[in-house]
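Shown here: input_27.pdb, PDB, C-alpha atoms.
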```pdb
ATOM      1  CA  MET A 209       8.023   9.237  14.714
ATOM      2  CA  ARG A 210      10.954   9.469  12.314
ATOM      3  CA  VAL A 211      10.468  10.989   8.877
ATOM      4  CA  ILE A 212      12.850   9.650   6.239
ATOM      5  CA  ASP A 213      12.752  11.891   3.169
ATOM      6  CA  LEU A 214      14.343  10.073   0.231
ATOM      7  CA  GLY A 215      13.791  12.927  -2.213
ATOM      8  CA  LEU A 216      13.571  11.564  -5.765
ATOM      9  CA  SER A 217      14.173   7.797  -5.641
ATOM     10  CA  ARG A 218      14.115   4.719  -7.825
ATOM     11  CA  TYR A 219      11.191   2.544  -6.764
ATOM     12  CA  VAL A 220      13.296  -0.521  -6.029
ATOM     13  CA  GLU A 221      15.763   1.450  -3.935
ATOM     14  CA  ALA A 222      12.983   2.940  -1.832
ATOM     15  CA  LEU A 223      11.515  -0.559  -1.514
ATOM     16  CA  GLU A 224      14.757  -1.752   0.049
ATOM     17  CA  VAL A 225      14.600   1.055   2.578
ATOM     18  CA  GLN A 226      10.976   0.130   3.312
ATOM     19  CA  ARG A 227      11.872  -3.511   3.873
ATOM     20  CA  ARG A 228      14.768  -2.635   6.150
ATOM     21  CA  VAL A 229      12.621  -0.309   8.253
ATOM     22  CA  HIS A 230       9.766  -2.853   8.289
ATOM     23  CA  GLU A 231      12.095  -5.457   9.728
ATOM     24  CA  GLU A 232      13.286  -3.003  12.382
ATOM     25  CA  VAL A 233       9.727  -2.065  13.371
ATOM     26  CA  ALA A 234       8.629  -5.716  13.518
ATOM     27  CA  GLN A 235      11.430  -6.231  16.082
ATOM     28  CA  ASP A 236      10.986  -2.930  17.891
ATOM     29  CA  PRO A 237       7.788  -0.861  17.384
ATOM     30  CA  SER A 238       9.504   2.248  18.766
ATOM     31  CA  ARG A 239      11.420   2.364  15.445
ATOM     32  CA  GLU A 240       8.316   3.329  13.448
ATOM     33  CA  ALA A 241       9.000   5.697  10.564
ATOM     34  CA  ILE A 242       7.355   7.548   7.722
ATOM     35  CA  ILE A 243       9.206   7.365   4.419
ATOM     36  CA  VAL A 244       8.492  10.202   1.985
ATOM     37  CA  THR A 245       9.575  10.266  -1.635
ATOM     38  CA  GLU A 246       8.835  10.940  -5.272
ATOM     39  CA  HIS A 247       9.745   8.110  -7.637
ATOM     40  CA  TYR A 248      11.365   8.110 -11.031
ATOM     41  CA  PRO A 249       8.717   6.994 -13.573
ATOM     42  CA  VAL A 250       7.555   3.456 -12.784
ATOM     43  CA  TYR A 251       4.502   1.254 -13.102
ATOM     44  CA  THR A 252       4.018  -0.935 -10.063
ATOM     45  CA  ILE A 253       1.785  -3.953 -10.296
ATOM     46  CA  GLY A 254       0.224  -5.242  -7.081
ATOM     47  CA  LYS A 255      -0.900  -8.731  -6.129
ATOM     48  CA  SER A 256      -4.266  -8.317  -7.847
ATOM     49  CA  GLY A 257      -2.740  -6.766 -10.913
ATOM     50  CA  SER A 258      -1.785  -7.863 -14.363
ATOM     51  CA  VAL A 259       0.790  -6.725 -16.913
ATOM     52  CA  LYS A 260      -2.153  -6.858 -19.332
ATOM     53  CA  ASN A 261      -3.288  -3.566 -17.840
ATOM     54  CA  ILE A 262      -0.347  -1.879 -19.572
ATOM     55  CA  VAL A 263      -2.229  -1.133 -22.761
ATOM     56  CA  ASN A 264       0.571   0.713 -24.524
ATOM     57  CA  LEU A 265       3.725  -1.147 -23.594
ATOM     58  CA  GLU A 266       5.623   0.306 -26.552
ATOM     59  CA  ALA A 267       5.078   3.892 -25.417
ATOM     60  CA  ALA A 268       5.932   2.942 -21.844
ATOM     61  CA  MET A 269       9.224   1.373 -22.957
ATOM     62  CA  ARG A 270      10.032   4.283 -25.265
ATOM     63  CA  GLU A 271       9.642   6.726 -22.389
ATOM     64  CA  GLY A 272      11.792   4.575 -20.136
ATOM     65  CA  ILE A 273       9.104   3.846 -17.555
ATOM     66  CA  GLU A 274      10.183   0.969 -15.327
ATOM     67  CA  ILE A 275       7.820  -1.906 -14.548
ATOM     68  CA  VAL A 276       7.951  -3.580 -11.132
ATOM     69  CA  GLU A 277       5.742  -6.339  -9.765
ATOM     70  CA  ILE A 278       5.326  -5.973  -6.037
ATOM     71  CA  ASP A 279       3.784  -7.485  -2.933
ATOM     72  CA  ARG A 280       1.262  -4.768  -2.035
ATOM     73  CA  GLY A 281      -2.490  -4.915  -2.490
ATOM     74  CA  GLY A 282      -4.206  -3.496  -5.554
ATOM     75  CA  ASP A 283      -3.605  -3.510  -9.281
ATOM     76  CA  ILE A 284      -1.383  -1.349 -11.477
ATOM     77  CA  PHE A 285      -0.464   2.250 -10.694
ATOM     78  CA  TYR A 286       1.913   4.860 -12.040
ATOM     79  CA  HIS A 287       4.435   6.684  -9.876
ATOM     80  CA  GLY A 288       6.583   9.539 -11.081
ATOM     81  CA  PRO A 289       8.020  12.947 -10.279
ATOM     82  CA  GLY A 290       5.359  15.361  -9.037
ATOM     83  CA  GLN A 291       3.516  12.610  -7.190
ATOM     84  CA  LEU A 292       3.852  12.646  -3.416
ATOM     85  CA  VAL A 293       4.441   9.148  -2.053
ATOM     86  CA  VAL A 294       4.244   8.373   1.655
ATOM     87  CA  TYR A 295       5.056   5.017   3.244
ATOM     88  CA  PRO A 296       4.267   4.916   6.967
ATOM     89  CA  ILE A 297       5.933   1.841   8.440
ATOM     90  CA  ILE A 298       3.825   1.420  11.537
ATOM     91  CA  ALA A 299       2.620  -1.258  13.959
ATOM     92  CA  LEU A 300      -1.135  -0.903  13.448
ATOM     93  CA  LYS A 301      -2.181  -2.137  16.902
ATOM     94  CA  GLN A 302      -0.058   0.532  18.602
ATOM     95  CA  HIS A 303      -2.404   3.073  17.050
ATOM     96  CA  GLY A 304      -5.581   1.096  17.711
ATOM     97  CA  LEU A 305      -6.000   0.461  13.985
ATOM     98  CA  ASP A 306      -7.157  -2.497  11.942
ATOM     99  CA  VAL A 307      -6.750  -2.708   8.157
ATOM    100  CA  TRP A 308     -10.082  -1.018   7.477
ATOM    101  CA  GLY A 309      -9.389   1.810   9.927
ATOM    102  CA  TYR A 310      -5.917   2.434   8.570
ATOM    103  CA  VAL A 311      -7.084   2.706   4.965
ATOM    104  CA  ARG A 312      -9.768   5.202   6.050
ATOM    105  CA  LEU A 313      -7.119   7.194   7.965
ATOM    106  CA  LEU A 314      -4.876   7.513   4.912
ATOM    107  CA  GLU A 315      -7.879   8.594   2.812
ATOM    108  CA  GLU A 316      -8.836  11.159   5.452
ATOM    109  CA  ALA A 317      -5.332  12.654   5.523
ATOM    110  CA  MET A 318      -5.376  13.097   1.720
ATOM    111  CA  ILE A 319      -8.940  14.490   1.630
ATOM    112  CA  LYS A 320      -8.092  17.079   4.297
ATOM    113  CA  THR A 321      -4.799  18.034   2.639
ATOM    114  CA  ILE A 322      -6.245  18.711  -0.782
ATOM    115  CA  GLY A 323      -9.251  20.345   0.865
ATOM    116  CA  GLU A 324      -6.881  23.022   2.168
ATOM    117  CA  PHE A 325      -6.195  23.947  -1.449
ATOM    118  CA  GLY A 326      -9.898  24.179  -2.208
ATOM    119  CA  ILE A 327     -10.308  20.824  -3.969
ATOM    120  CA  ARG A 328     -13.375  18.839  -2.937
ATOM    121  CA  ALA A 329     -12.459  15.173  -2.925
ATOM    122  CA  GLY A 330     -14.018  12.196  -1.247
ATOM    123  CA  ARG A 331     -14.408   8.445  -1.028
ATOM    124  CA  LEU A 332     -16.097   6.138  -3.496
ATOM    125  CA  GLU A 333     -17.830   3.194  -1.812
ATOM    126  CA  GLY A 334     -16.060  -0.042  -2.654
ATOM    127  CA  TYR A 335     -13.089   1.721  -4.256
ATOM    128  CA  PRO A 336     -10.447   2.604  -1.669
ATOM    129  CA  GLY A 337      -8.542   5.789  -2.457
ATOM    130  CA  VAL A 338      -9.465   9.434  -2.876
ATOM    131  CA  TRP A 339     -11.602  10.627  -5.746
ATOM    132  CA  VAL A 340     -12.620  13.858  -7.420
ATOM    133  CA  GLY A 341     -15.836  12.732  -9.048
ATOM    134  CA  ARG A 342     -14.916   9.494 -10.818
ATOM    135  CA  LYS A 343     -11.258  10.447 -11.135
ATOM    136  CA  LYS A 344      -8.681   9.144  -8.708
ATOM    137  CA  ILE A 345      -6.375  11.738  -7.176
ATOM    138  CA  GLY A 346      -4.946   9.656  -4.321
ATOM    139  CA  ALA A 347      -4.195   5.938  -4.311
ATOM    140  CA  ILE A 348      -3.599   3.439  -1.537
ATOM    141  CA  GLY A 349      -1.788   0.094  -1.607
ATOM    142  CA  LEU A 350      -0.586  -1.714   1.501
ATOM    143  CA  ARG A 351       1.032  -4.817   2.887
ATOM    144  CA  VAL A 352       0.731  -5.919   6.515
ATOM    145  CA  ARG A 353       3.081  -8.515   7.922
ATOM    146  CA  SER A 354       3.652  -9.256  11.595
ATOM    147  CA  GLY A 355       1.142  -6.501  12.321
ATOM    148  CA  VAL A 356       3.390  -3.899  10.670
ATOM    149  CA  ALA A 357       2.153  -2.019   7.621
ATOM    150  CA  MET A 358       4.305  -0.983   4.678
ATOM    151  CA  HIS A 359       3.723   0.670   1.301
ATOM    152  CA  GLY A 360       1.175   3.464   1.667
ATOM    153  CA  LEU A 361      -0.297   6.279  -0.375
ATOM    154  CA  ALA A 362       0.403   8.190  -3.568
ATOM    155  CA  LEU A 363      -1.085  11.638  -4.105
ATOM    156  CA  ASN A 364      -1.057  13.208  -7.560
ATOM    157  CA  VAL A 365       0.192  16.729  -6.963
ATOM    158  CA  ASN A 366       1.947  17.779 -10.191
ATOM    159  CA  THR A 367       2.110  14.288 -11.732
ATOM    160  CA  ASN A 368       2.590  13.863 -15.489
ATOM    161  CA  LEU A 369      -0.873  12.380 -16.087
ATOM    162  CA  ARG A 370      -0.016  11.374 -19.656
ATOM    163  CA  HIS A 371       1.854   8.414 -18.179
ATOM    164  CA  PHE A 372      -1.476   7.066 -16.943
ATOM    165  CA  ASP A 373      -2.726   6.912 -20.539
ATOM    166  CA  TYR A 374      -0.625   3.804 -21.189
ATOM    167  CA  ILE A 375      -2.291   1.772 -18.432
ATOM    168  CA  VAL A 376      -5.694   0.906 -17.021
ATOM    169  CA  ALA A 377      -5.011   2.504 -13.629
ATOM    170  CA  CYS A 378      -5.999   0.225 -10.750
ATOM    171  CA  GLY A 379      -7.414  -2.165 -13.339
ATOM    172  CA  LEU A 380     -10.569  -0.026 -13.401
ATOM    173  CA  HIS A 381     -12.067   0.675 -16.801
ATOM    174  CA  GLY A 382     -14.182   3.792 -17.247
ATOM    175  CA  MET A 383     -12.571   5.743 -14.430
ATOM    176  CA  GLY A 384      -9.852   8.318 -14.789
ATOM    177  CA  VAL A 385      -7.106   9.976 -12.833
ATOM    178  CA  THR A 386      -6.498  13.587 -11.961
ATOM    179  CA  SER A 387      -3.989  15.685 -10.041
ATOM    180  CA  MET A 388      -4.089  18.758  -7.856
ATOM    181  CA  GLU A 389      -2.398  20.679 -10.669
ATOM    182  CA  ARG A 390      -5.075  19.549 -13.146
ATOM    183  CA  GLU A 391      -7.890  20.512 -10.786
ATOM    184  CA  LEU A 392      -6.464  23.916  -9.854
ATOM    185  CA  GLY A 393      -4.831  24.925 -13.118
ATOM    186  CA  TYR A 394      -1.484  25.743 -11.568
ATOM    187  CA  ARG A 395       1.614  23.915 -10.367
ATOM    188  CA  LEU A 396       1.806  23.384  -6.631
ATOM    189  CA  ASP A 397       4.700  23.743  -4.232
ATOM    190  CA  MET A 398       5.483  20.107  -3.402
ATOM    191  CA  GLU A 399       7.187  20.989  -0.110
ATOM    192  CA  GLU A 400       4.058  22.769   1.063
ATOM    193  CA  VAL A 401       1.753  19.859   0.152
ATOM    194  CA  LYS A 402       4.175  17.442   1.801
ATOM    195  CA  ARG A 403       4.252  19.470   5.023
ATOM    196  CA  ILE A 404       0.456  19.608   5.227
ATOM    197  CA  LEU A 405      -0.067  15.917   4.400
ATOM    198  CA  LEU A 406       2.502  14.796   6.978
ATOM    199  CA  ARG A 407       0.898  17.054   9.566
ATOM    200  CA  TYR A 408      -2.507  15.400   8.988
ATOM    201  CA  ILE A 409      -1.087  11.874   9.041
ATOM    202  CA  ALA A 410       0.750  12.623  12.305
ATOM    203  CA  SER A 411      -2.298  14.169  13.907
ATOM    204  CA  LEU A 412      -4.588  11.291  12.857
ATOM    205  CA  LEU A 413      -2.044   8.769  14.180
ATOM    206  CA  GLY A 414      -1.554  10.827  17.326
ATOM    207  CA  VAL A 415       2.226  11.109  16.940
ATOM    208  CA  LYS A 416       4.869  13.819  16.705
ATOM    209  CA  LEU A 417       7.212  13.782  13.722
ATOM    210  CA  VAL A 418      10.950  14.278  13.813
ATOM    211  CA  GLU A 419      13.421  14.470  10.946
ATOM    212  CA  ALA A 420      15.430  11.220  10.823
ATOM    213  CA  GLU A 421      19.186  11.456  11.175
ATOM    214  CA  ASP A 422      20.030   8.590   8.807
TER
ATOM    215  CA  MET B 133      -1.128 -31.421  18.743
ATOM    216  CA  MET B 134      -3.010 -29.800  15.869
ATOM    217  CA  LEU B 135      -3.037 -26.026  15.507
ATOM    218  CA  GLU B 136      -5.725 -24.172  13.532
ATOM    219  CA  VAL B 137      -4.617 -21.068  11.648
ATOM    220  CA  LYS B 138      -7.562 -18.701  11.375
ATOM    221  CA  LEU B 139      -8.165 -15.483   9.471
ATOM    222  CA  PRO B 140      -8.205 -12.625  12.005
ATOM    223  CA  TYR B 141     -10.669  -9.744  11.992
ATOM    224  CA  LEU B 142      -9.375  -7.006   9.695
ATOM    225  CA  GLY B 143     -12.101  -4.435  10.370
ATOM    226  CA  GLU B 144     -15.317  -3.724   8.460
ATOM    227  CA  THR B 145     -13.647  -4.596   5.171
ATOM    228  CA  GLY B 146     -15.350  -5.506   1.944
ATOM    229  CA  GLU B 147     -14.554  -8.818   0.273
ATOM    230  CA  ILE B 148     -11.450 -10.687   1.472
ATOM    231  CA  ARG B 149      -9.783 -12.935  -1.090
ATOM    232  CA  VAL B 150      -6.866 -15.370  -0.940
ATOM    233  CA  VAL B 151      -4.127 -14.096  -3.285
ATOM    234  CA  SER B 152      -1.275 -16.517  -2.525
ATOM    235  CA  VAL B 153      -0.875 -19.903  -0.921
ATOM    236  CA  LEU B 154       2.800 -20.195  -0.059
ATOM    237  CA  LYS B 155       2.980 -23.646   1.562
ATOM    238  CA  THR B 156       1.858 -27.169   0.828
ATOM    239  CA  PRO B 157       1.099 -30.084   3.166
ATOM    240  CA  GLY B 158       4.285 -31.647   4.492
ATOM    241  CA  ASP B 159       6.242 -28.378   4.573
ATOM    242  CA  ILE B 160       8.065 -27.627   7.813
ATOM    243  CA  VAL B 161       7.402 -24.051   8.934
ATOM    244  CA  GLU B 162       8.997 -21.866  11.586
ATOM    245  CA  ALA B 163       7.067 -19.473  13.828
ATOM    246  CA  GLY B 164       6.364 -16.263  11.904
ATOM    247  CA  GLU B 165       6.860 -17.792   8.472
ATOM    248  CA  PRO B 166       4.325 -16.577   5.863
ATOM    249  CA  LEU B 167       1.730 -19.227   4.940
ATOM    250  CA  ILE B 168      -1.013 -17.460   3.048
ATOM    251  CA  GLU B 169      -1.664 -13.950   1.751
ATOM    252  CA  VAL B 170      -5.153 -12.477   1.608
ATOM    253  CA  GLU B 171      -6.222  -9.156   0.148
ATOM    254  CA  ALA B 172      -8.912  -6.687   1.192
ATOM    255  CA  GLU B 173      -9.175  -2.895   0.892
ATOM    256  CA  LYS B 174      -6.066  -2.717  -1.345
ATOM    257  CA  THR B 175      -4.123  -4.390   1.431
ATOM    258  CA  VAL B 176      -2.212  -7.654   1.281
ATOM    259  CA  TYR B 177      -2.386  -9.196   4.738
ATOM    260  CA  VAL B 178       0.113 -11.940   5.490
ATOM    261  CA  ILE B 179      -0.991 -14.940   7.545
ATOM    262  CA  GLU B 180       1.983 -16.378   9.404
ATOM    263  CA  ALA B 181       2.623 -19.657  11.177
ATOM    264  CA  PRO B 182       1.960 -19.040  14.885
ATOM    265  CA  ARG B 183       4.463 -21.769  15.856
ATOM    266  CA  ARG B 184       6.935 -24.229  14.402
ATOM    267  CA  GLY B 185       5.381 -27.357  12.908
ATOM    268  CA  VAL B 186       4.467 -29.319   9.815
ATOM    269  CA  ILE B 187       1.679 -28.194   7.494
ATOM    270  CA  GLU B 188      -1.056 -30.805   7.816
ATOM    271  CA  LYS B 189      -3.689 -29.177   5.630
ATOM    272  CA  ILE B 190      -4.246 -26.055   3.560
ATOM    273  CA  LEU B 191      -7.986 -25.395   3.445
ATOM    274  CA  VAL B 192      -8.126 -22.551   0.942
ATOM    275  CA  SER B 193      -6.951 -21.908  -2.590
ATOM    276  CA  GLU B 194      -5.941 -18.814  -4.549
ATOM    277  CA  GLY B 195      -8.884 -16.664  -5.588
ATOM    278  CA  GLN B 196     -11.172 -18.016  -2.875
ATOM    279  CA  LYS B 197     -13.256 -15.619  -0.771
ATOM    280  CA  VAL B 198     -12.734 -15.960   2.974
ATOM    281  CA  GLN B 199     -14.104 -14.449   6.166
ATOM    282  CA  PRO B 200     -12.638 -13.617   9.569
ATOM    283  CA  GLY B 201     -12.653 -16.726  11.723
ATOM    284  CA  ASP B 202     -12.323 -19.124   8.770
ATOM    285  CA  ILE B 203      -9.725 -21.859   9.294
ATOM    286  CA  LEU B 204      -7.109 -21.435   6.573
ATOM    287  CA  ALA B 205      -4.594 -24.124   7.490
ATOM    288  CA  MET B 206      -3.774 -26.797  10.057
ATOM    289  CA  ILE B 207      -0.305 -27.215  11.519
ATOM    290  CA  LYS B 208       0.872 -30.344  13.310
ATOM    291  CA  GLN B 209       3.217 -29.732  16.207
ATOM    292  CA  GLY B 210       5.830 -31.852  17.916
TER
END
```

Represent the supplied structure as structure tokens.
Amino acid sequence: MRVIDLGLSRYVEALEVQRRVHEEVAQDPSREAIIVTEHYPVYTIGKSGSVKNIVNLEAAMREGIEIVEIDRGGDIFYHGPGQLVVYPIIALKQHGLDVWGYVRLLEEAMIKTIGEFGIRAGRLEGYPGVWVGRKKIGAIGLRVRSGVAMHGLALNVNTNLRHFDYIVACGLHGMGVTSMERELGYRLDMEEVKRILLRYIASLLGVKLVEAED
Amino acid sequence: MMLEVKLPYLGETGEIRVVSVLKTPGDIVEAGEPLIEVEAEKTVYVIEAPRRGVIEKILVSEGQKVQPGDILAMIKQG
């Protein structure tokens, strides 16, 4: 499976790449790809979300955080540098997956990855994503059309967590967010985390990864 | 001929809710055109028209809970 590493990207630009690849995969499942990126600061609001969950709009504007309403599941979430974002554009049936199974697979890949760094994270019944206690460290938001999934996961590695203070993340009151850096007390090597996470995703999907040429 | 558009099985998901109804009765739809979007497990799942036809009925509304096998819409063909 192709890996397309966009480096640091604007959310809307990466979204265009996602849509283009999604269209390709819907036509030809052998074109499946995994897009990897970190975004410039942005709040994305899913189908179940509301702008009302930006509780400090003034601060968000002042710090130049973009706001984008999108077609994935879930509520509001922050993306920014230091957060590892992975968008597998895959035909679920090819991997024997339904929606439930795919969400669990993405959680598993994140739990195993951060486990390698000694962080104990897990699932919280009824709240998809990966949690350290009642703090979210890895988020999931997806869209499935024509059997092909897009959007994906966001793992807080060295994320600026202050940018979560201006929103009610995921629309959930009384729950927080954390990052690998916050849990471990040191900054992580993003390339290393990326390599490990991609390895787990590939192994759980039963595919081999290759660097994309485009 | 009347075609029933049903919600497929999405796995052992929690609650499934309709988040968007994109068509109204009388609309002509092509095969593969999005009709309705549901959400479960942080996933928006798009229900598409299986064939070309005219929307006869939409049986769900935004915010409504649905289950696999539920008829969401009826499409009249030919």

Should the cut-off be 6 Å, what would the residue list for chain B against chain A look like, counting only C-alpha atoms, as a PDB file with C-alpha atoms, in the frame of the given file?
```pdb
ATOM      1  CA  LEU B 142      -9.375  -7.006   9.695  1.00  0.00           C
ATOM      2  CA  GLY B 143     -12.101  -4.435  10.370  1.00  0.00           C
ATOM      3  CA  GLU B 144     -15.317  -3.724   8.460  1.00  0.00           C
ATOM      4  CA  THR B 145     -13.647  -4.596   5.171  1.00  0.00           C
ATOM      5  CA  LYS B 174      -6.066  -2.717  -1.345  1.00  0.00           C
ATOM      6  CA  THR B 175      -4.123  -4.390   1.431  1.00  0.00           C
ATOM      7  CA  VAL B 176      -2.212  -7.654   1.281  1.00  0.00           C
ATOM      8  CA  TYR B 177      -2.386  -9.196   4.738  1.00  0.00           C
ATOM      9  CA  VAL B 178       0.113 -11.940   5.490  1.00  0.00           C
TER      10      VAL B 178
END
```

| So which one's closest to Val151 of chain B, B:Val170, B:Lys197, B:Ile207, B:Ala181? Using all atoms listed in the file, please. |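 That would be B:Val170, the residue with the smallest distance to Val151 of chain B.
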
| Between atom CA of Gly382 of chain A and atom CA of Gly341 of chain A, what is the distance, to one decimal in Å? | 12.2 Å

| query | atom CA of Leu300 of chain A to atom CA of Ala317 of chain A: how many Å, to one decimal? | reply |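 So the answer is 16.3 Å.
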
| Distance atom CA of Ile319 of chain A-atom CA of Gly414 of chain A, one decimal place? | 17.7 Å

| Please, which residues are within 12 Å of (4.9, -31.2, 15.8) by the file's coordinates, counting all atoms listed in the file, and could they come as a VMD selection string? | chain B and resid 133 to 135 158 to 162 183 to 188 206 to 210

| request: On this file, the PyMOL selection byres ((chain B and resi 164) around 7) gives some set of residues; write that set as a count of residues only. | output: 7

| message | With only C-alpha atoms as the counted atoms, please give the residues lying no more than 7 Å from segment 234-249 of chain A, apart from itself and same-chain residues fewer than 3 positions off, as a VMD selection string. | response | chain A and resid 209 to 219 230 to 231 273 to 274 287 to 299 354 356

| field | Contacts of Leu154 of chain B within 9 Å, all atoms listed in the file, excl. fewer than 3 positions in-chain, as a ChimeraX atom specification | value | /B:166-169

| said: Please enumerate the residues selected by the PyMOL selection byres ((chain A and resi 346) around 8) when evaluated against the supplied file, formatted as a PyMOL selection string. | reply: chain A and resi 315+318+337-339+344-345+347-348+361-364

| task | Considering all atoms listed in the file, return as a list in words whatever protein or nucleic-acid residues lie within 12 Å of Arg390 of chain A, sequence-local ones (same chain, fewer than 4 positions apart) excluded. | result |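 The neighbour list is Gly290, Ile327, Val340, Lys343, Lys344, Ile345, Asn364, Val365, Asn366, Thr367, Asn368, Leu369, Arg370, Val385, Thr386, Tyr394, Arg395 and Leu396 of chain A.
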
| Which residue, A:Thr321, A:Gln302, A:Ser411, A:Ser258, has the smallest gap to Leu380 of chain A when you use only C-alpha atoms? |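 Closest to Leu380 of chain A, using only C-alpha atoms: A:Ser258.
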
Shell around Asp202 of chain B at 12 Å using all atoms listed in the file, local window under 3 positions removed, as a PDB file with C-alpha atoms, in the frame of the given file:
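Once written, part37.pdb looks like this:
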```pdb
ATOM      1  CA  GLU B 136      -5.725 -24.172  13.532  1.00  0.00           C
ATOM      2  CA  VAL B 137      -4.617 -21.068  11.648  1.00  0.00           C
ATOM      3  CA  LYS B 138      -7.562 -18.701  11.375  1.00  0.00           C
ATOM      4  CA  LEU B 139      -8.165 -15.483   9.471  1.00  0.00           C
ATOM      5  CA  PRO B 140      -8.205 -12.625  12.005  1.00  0.00           C
ATOM      6  CA  TYR B 141     -10.669  -9.744  11.992  1.00  0.00           C
ATOM      7  CA  ILE B 148     -11.450 -10.687   1.472  1.00  0.00           C
ATOM      8  CA  ARG B 149      -9.783 -12.935  -1.090  1.00  0.00           C
ATOM      9  CA  VAL B 150      -6.866 -15.370  -0.940  1.00  0.00           C
ATOM     10  CA  ILE B 190      -4.246 -26.055   3.560  1.00  0.00           C
ATOM     11  CA  LEU B 191      -7.986 -25.395   3.445  1.00  0.00           C
ATOM     12  CA  VAL B 192      -8.126 -22.551   0.942  1.00  0.00           C
ATOM     13  CA  GLN B 196     -11.172 -18.016  -2.875  1.00  0.00           C
ATOM     14  CA  LYS B 197     -13.256 -15.619  -0.771  1.00  0.00           C
ATOM     15  CA  VAL B 198     -12.734 -15.960   2.974  1.00  0.00           C
ATOM     16  CA  GLN B 199     -14.104 -14.449   6.166  1.00  0.00           C
ATOM     17  CA  ALA B 205      -4.594 -24.124   7.490  1.00  0.00           C
ATOM     18  CA  MET B 206      -3.774 -26.797  10.057  1.00  0.00           C
TER      19      MET B 206
END
```

| Do you know which residues are at most 9 Å from Arg407 of chain A counting only C-alpha atoms, after dropping those on the same chain fewer than 5 positions away, and could you put them as an MDAnalysis selection string? | chainID A and resid 317 402 412 416:417

| field | Of the listed residues A:Ile409, A:Ile404, A:Ala420, A:Ile322, that which approaches Leu392 of chain A most closely, counting all atoms listed in the file | value | A:Ile322

| Residues picked by the PyMOL selection byres ((chain A and resi 263) around 9) here, as JSON, numbers by chain? | {"A": [259, 260, 261, 262, 264, 265, 266, 373, 374, 375, 376]}

| Residue among A:Asp397, A:Glu221, A:Glu271, A:Glu277 lying closest to Phe325 of chain A, counting all atoms listed in the file |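 Of A:Asp397, A:Glu221, A:Glu271, A:Glu277, the one nearest Phe325 of chain A is A:Asp397, counting all atoms listed in the file.
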